[in-house]
Amino acid sequence: ILHNINFKMERGKTYALVGPTGGGKTTTASLIARLYDPTGGTILLDGKDIRSYEPNERTKKIGFILQEPFLITGTVRDNILYSNEEYQNLTNEQIEEELKRANLQSLLAIFDQGLDTPVLSSGDSTSLGQKQLIAFMRAVLRNPEILILDEATANIDTITEQLLSDILANLPETTTRVIIAHRLNTIENADEIYFVNSGEVIAAGSLDHAI
């Protein structure tokens, strides 16, 4: 799918991966997160071969929000704290305070019963848009060094999408954002756009430059 690609991402910048369906955008993002390994070459994270990190260490550094997130049966609380040992023993009030610090309280307010809203891993109890919001809160709450969003706003309304944009804009300056999207407004603030197609990843500058 990808051939002899070579590019670098700098800490704290926002990158957009754009291109046709099947062009390799998700493959590129998955390689960055080490969801699988390349058949050749090396991926470096903070200057080290990404394969040298223990899984727990790597997942603390990288948050990945998929287009169709995987949730567990339980509550919103169970899902946003999944594999987040730091917050497991906090009360709901304390978790709400942490969400407020991360500017996520507006997303929690969308759920009728807040943290106690029931979630089923299968079935129609939660819309795809709501699943994306839960995955968004889960990833941001972990404060990752790299946050990857793969069409993570594809199934939400424009008002909620603006909330997500505001949250992304207020992440720590050291957070690197990698965004896969088709809507131009989702990538308008990207520092660098990469076109991914026909096995290539080509830098195209910012949106103004690309247009």
# chains A, B, ... in the order shown; residues from 1 in each chain; ligands from 1
call {"tool": "select_by_dssp", "arguments": {"residues": "chain A", "states": "alpha helix (DSSP H)", "output": "ChimeraX atom specification"}}
result
/A:25-32,55-61,76-80,92-101,105-108,128-141,158-169,184-187,207-210
call {"tool": "residues_around", "arguments": {"residues": "A:Ala154", "least_positions_apart": "3", "cutoff": "8 Å", "atoms": "only C-alpha atoms", "output": "PyMOL selection string"}}
result
chain A and resi 67+129+151
call {"tool": "atom_distance", "arguments": {"atom1": "atom CA of A:Leu120", "atom2": "atom CA of A:Leu71"}}
result
7.5 Å
call {"tool": "residues_around", "arguments": {"residues": "A:Gly41", "least_positions_apart": "6", "cutoff": "12 Å", "atoms": "only C-alpha atoms", "output": "ChimeraX atom specification"}}
result
/A:2-6,31,49-51
call {"tool": "residues_around", "arguments": {"residues": "A:Leu128", "least_positions_apart": "3", "cutoff": "9 Å", "atoms": "only C-alpha atoms", "output": "list in words"}}
result
Gln67, Glu68, Pro69, Asp124, Lys131, Gln132, Leu133, Asn155 and Ile156 of chain A
call {"tool": "write_last_selection", "arguments": {"atoms": "N, CA and C atoms", "output": "PDB file, in the first residue's frame"}}
result
ATOM      1  N   GLN A  67     -12.682   5.524  13.419  1.00  0.00           N
ATOM      2  CA  GLN A  67     -13.947   5.947  12.837  1.00  0.00           C
ATOM      3  C   GLN A  67     -15.105   5.168  13.461  1.00  0.00           C
ATOM      4  N   GLU A  68     -14.878   3.891  13.760  1.00  0.00           N
ATOM      5  CA  GLU A  68     -15.883   3.075  14.449  1.00  0.00           C
ATOM      6  C   GLU A  68     -15.251   2.537  15.724  1.00  0.00           C
ATOM      7  N   PRO A  69     -15.308   3.296  16.819  1.00  0.00           N
ATOM      8  CA  PRO A  69     -14.619   2.924  18.062  1.00  0.00           C
ATOM      9  C   PRO A  69     -15.170   1.634  18.666  1.00  0.00           C
ATOM     10  N   ASP A 124     -28.077  -1.039  19.641  1.00  0.00           N
ATOM     11  CA  ASP A 124     -28.346   0.333  19.213  1.00  0.00           C
ATOM     12  C   ASP A 124     -28.522   1.304  20.375  1.00  0.00           C
ATOM     13  N   LYS A 131     -20.624   7.063  20.263  1.00  0.00           N
ATOM     14  CA  LYS A 131     -19.448   6.214  20.463  1.00  0.00           C
ATOM     15  C   LYS A 131     -18.171   6.990  20.176  1.00  0.00           C
ATOM     16  N   GLN A 132     -18.212   7.816  19.116  1.00  0.00           N
ATOM     17  CA  GLN A 132     -17.038   8.616  18.788  1.00  0.00           C
ATOM     18  C   GLN A 132     -16.733   9.631  19.884  1.00  0.00           C
ATOM     19  N   LEU A 133     -17.781  10.203  20.488  1.00  0.00           N
ATOM     20  CA  LEU A 133     -17.574  11.162  21.577  1.00  0.00           C
ATOM     21  C   LEU A 133     -16.961  10.482  22.800  1.00  0.00           C
ATOM     22  N   ASN A 155     -19.612  11.255  12.135  1.00  0.00           N
ATOM     23  CA  ASN A 155     -21.005  10.934  12.456  1.00  0.00           C
ATOM     24  C   ASN A 155     -21.596  11.823  13.536  1.00  0.00           C
ATOM     25  N   ILE A 156     -21.076  13.038  13.637  1.00  0.00           N
ATOM     26  CA  ILE A 156     -21.626  13.979  14.615  1.00  0.00           C
ATOM     27  C   ILE A 156     -22.048  15.256  13.909  1.00  0.00           C
TER      28      ILE A 156
END
call {"tool": "select_by_dssp", "arguments": {"residues": "stretch 72-159 of chain A", "states": "strand (DSSP E or B)", "output": "PDB file with N, CA and C atoms, in the first residue's frame"}}
result
ATOM      1  N   GLY A  74     -21.157  -1.541  29.649  1.00  0.00           N
ATOM      2  CA  GLY A  74     -21.013  -0.939  30.979  1.00  0.00           C
ATOM      3  C   GLY A  74     -21.631   0.440  30.964  1.00  0.00           C
ATOM      4  N   THR A  75     -20.881   1.433  31.402  1.00  0.00           N
ATOM      5  CA  THR A  75     -21.347   2.819  31.419  1.00  0.00           C
ATOM      6  C   THR A  75     -20.361   3.705  30.673  1.00  0.00           C
ATOM      7  N   PRO A 118     -25.818   4.087  30.408  1.00  0.00           N
ATOM      8  CA  PRO A 118     -25.482   2.714  29.998  1.00  0.00           C
ATOM      9  C   PRO A 118     -24.942   2.662  28.571  1.00  0.00           C
ATOM     10  N   VAL A 119     -24.012   1.748  28.345  1.00  0.00           N
ATOM     11  CA  VAL A 119     -23.417   1.538  27.021  1.00  0.00           C
ATOM     12  C   VAL A 119     -23.370   0.036  26.760  1.00  0.00           C
ATOM     13  N   ILE A 146       0.741  11.999  21.311  1.00  0.00           N
ATOM     14  CA  ILE A 146       0.236  12.017  19.941  1.00  0.00           C
ATOM     15  C   ILE A 146      -1.232  11.601  19.969  1.00  0.00           C
ATOM     16  N   LEU A 147      -2.098  12.404  19.355  1.00  0.00           N
ATOM     17  CA  LEU A 147      -3.516  12.078  19.278  1.00  0.00           C
ATOM     18  C   LEU A 147      -3.891  11.933  17.804  1.00  0.00           C
ATOM     19  N   ILE A 148      -4.351  10.730  17.438  1.00  0.00           N
ATOM     20  CA  ILE A 148      -4.708  10.435  16.047  1.00  0.00           C
ATOM     21  C   ILE A 148      -6.226  10.324  15.946  1.00  0.00           C
ATOM     22  N   LEU A 149      -6.812  11.055  15.001  1.00  0.00           N
ATOM     23  CA  LEU A 149      -8.253  11.006  14.792  1.00  0.00           C
ATOM     24  C   LEU A 149      -8.528  10.532  13.366  1.00  0.00           C
ATOM     25  N   ASP A 150      -9.119   9.345  13.253  1.00  0.00           N
ATOM     26  CA  ASP A 150      -9.422   8.772  11.936  1.00  0.00           C
ATOM     27  C   ASP A 150     -10.902   8.975  11.643  1.00  0.00           C
TER      28      ASP A 150
END
call {"tool": "residues_around", "arguments": {"residues": "A:Glu192", "least_positions_apart": "4", "cutoff": "6 Å", "atoms": "only C-alpha atoms", "output": "PyMOL selection string"}}
result
chain A and resi 15+205-206
call {"tool": "residues_around", "arguments": {"residues": "A:Val196", "least_positions_apart": "3", "cutoff": "9 Å", "atoms": "only C-alpha atoms", "output": "MDAnalysis selection string"}}
result
chainID A and resid 2 17:20 23:25 28 199:202
call {"tool": "residues_around", "arguments": {"residues": "A:Gly12", "least_positions_apart": "2", "cutoff": "8 Å", "atoms": "only C-alpha atoms", "output": "PyMOL selection string"}}
result
chain A and resi 10+14+172-177
call {"tool": "closest_residue", "arguments": {"among": "A:Ala203, A:Ile179, A:Leu164, A:Leu44", "to": "A:Met137", "atoms": "only C-alpha atoms"}}
result
A:Leu164
